[in-house]
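Presented below is the structure to which this report refers.
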Amino acid sequence: MTLTAKDTLLQSVENNIDAYMNLVQIMYDNPEIGNEEFETMALLVDYLDHAGFKTTSGYVVPTGFIGEYDTGKPGPTIAVMCEFDALPEVGHGCGHNLIAGIGIATGEAVKKIIDQFGGKLLVVGTPAEENFGGKVSMSDAGVFDDVDVALMVHPGSHNGVGGRSSALNPIKFEFFGKNAHGCNPQAGASALDAAVMSYLQINLIRQFVNPHTYIHGVIKDGGEAANVIPGYASLEYYFRAPTMAYAKEITEKAMTAVEGVALANGVTFKSSIYECPYDDTVINYLLADILTEKYEELGLTDIHPVDEVATGSTDVGAVSYKCPTIQGFIKICGPEVGAHTKEMANATISPDGKNGLIKAAQGLSLTILELLENPEKLAAVKQEFDETIASLT
């Protein structure tokens with residue numbers, strides 16, 4: 001009996017689930033933070049090698065990778081994204097080990113049917129989502145320039161089809177004063193005073209920003225000894241907003257405030273971008289509709305629609321400005337489990353985590369099949385992308 005393409009996809013994920021969960025468990029047991037995921041990269045690349053993909057390690061960035069399967073026939077280029085970096089202290093508290101398992105499972109399933117349609121399949125390992133933005137580096141390098149659609153699913157406490165994310169502008173302020181003895185302060189200039197006053201002044205800006213704009217920071221350096229006027233201090237800030245343009249506008253307001261404070265305290269300062277800036281995420285509603293339909297086919301319920309209110313930030317935004325992109329969500333725990341916690345990490349290796357991997361990989365696979373079987377739908381997805389990007393520029 002010859003299986004349909006749909007049945008082939010569904011069975012591929014289910015038949016290999018133990019292998020995928022083994023990958024998830026190994027990553028759980030051996031978490032690696034951003035730009036240090038060398039063992040994880042080798043683990044996932046080895047699996048893709050054995051699955052028949054042409055692989056490249058150290059792709060664009062030291063811990064990035066790509067697995068490629070080219071049918072040799074005309075057709076779309078589909079990219080499935082894998083995140084796999086962990087967090088300090090809590091390990092895979094954001095569930096990136098499960099994201100990688102979902103991506104590998106989706107890639108292996110789609111590879112079994114794509115020859116019927118033509119085109120190219122990419123499984124892209126995008127490291128360091130939490131801090132250094134592997135997708136930003138890859139987007140800047142042109143990895144997604146010729147991709148027709150890019151997809152991934154993130155685990156969490158609900159089923160959903162994605163949403164907006166905040167643009168993030170990470171700025172460090174450094175203050176340079178003059179050391180002096182604490183009992184002879186007139187001989188010095190306090191960098192710490194400038195930092196504290198800047199912290200307070202930037203806080204006051206919060207009242208006057210647009211909704212869904214967030215300003216949060218810390219005093220990173222403030223001196224070494226109580227009896228020494230600090231000659232150096234620093235602040236690290238995240239400026240988040242619905243768009244990068246507005247995040248930069250708020251950053252400029254903060255910069256003006258810091259300039260005045262530095263002048264008043266007789267110190268100098270400099271600012272720098274200390275982490276990777278993240279763009280907001282461009283929504284593709286047609287992709288969201290297709291994933292919703294496929295989730296429903298798989299029996300999932302309470303599927304959240306596109307979340308129009310941006311809160312957190314992600315480097316998926318960079319990809320969404322290059323090609324039609326979706327980051328769906330799959331439920332692996334209840335609402336009492338927060339993101340970036342050990343409880344979330346534990347959920348990735350639970351029975352609910354296993355079921356989440358199956359449903360997410362099947363949902364993505366069926367979404368890709370829909371686009372392969374119906375080129376007019378893919379054309380409509382790309383047209384929506386083009387029109388949305390045109391309206392933003």
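Residue numbers start at 1 in each chain; chains themselves are named A, B, ... in the order of the structure tokens; ligands are numbered from 1 in the order shown.
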
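Excluding A:Met138 itself and any same-chain residue fewer than 4 positions from it, the protein and nucleic acid residues within 8 Å of it, counting only C-alpha atoms, are Val60, Val61, Thr126, Gly134, Gly142, Val143 and Phe144 of chain A.
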
Tell me, as a PyMOL selection string, which residues lie within 8 Å of A:Ile113, counting only C-alpha atoms; anything in the same chain fewer than 2 positions away does not count.
-> chain A and resi 5+8-9+109-111+115-117

Do you know which residues are at most 8 Å from stretch 330-342 of chain A counting only C-alpha atoms, after dropping those on the same chain fewer than 3 positions away, and could you put them as a ChimeraX atom specification?
-> /A:87,90-94,153-160,345-348,352-353,355-356,359-360

Can you work out the spacing between atom CA of A:Asp280 and atom CA of A:Val80 in Å, to one decimal?
-> 19.7 Å

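Comparing the minimum interatomic distances between A:Tyr214 and each of A:Ala310, A:Ala233, A:Leu122, A:Leu23, counting only C-alpha atoms, we find that A:Ala310 sits nearest.
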
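Straight-line separation from atom CA of A:Val309 to atom CA of A:Lys322: 21.8 Å.
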
Can you pull out every residue within 12 Å of A:Ala247, counting only C-alpha atoms, but drop anything in the same chain fewer than 3 positions away, and send it as number ranges by chain?
-> A: 166-171, 209-210, 212-215, 237-244, 250-254, 277-280

All residues 12 Å or closer to A:Ser190, only C-alpha atoms, same chain fewer than 3 positions away omitted, as a ChimeraX atom specification = /A:175-182,184-187,193-197,222-223,228-234,261-269
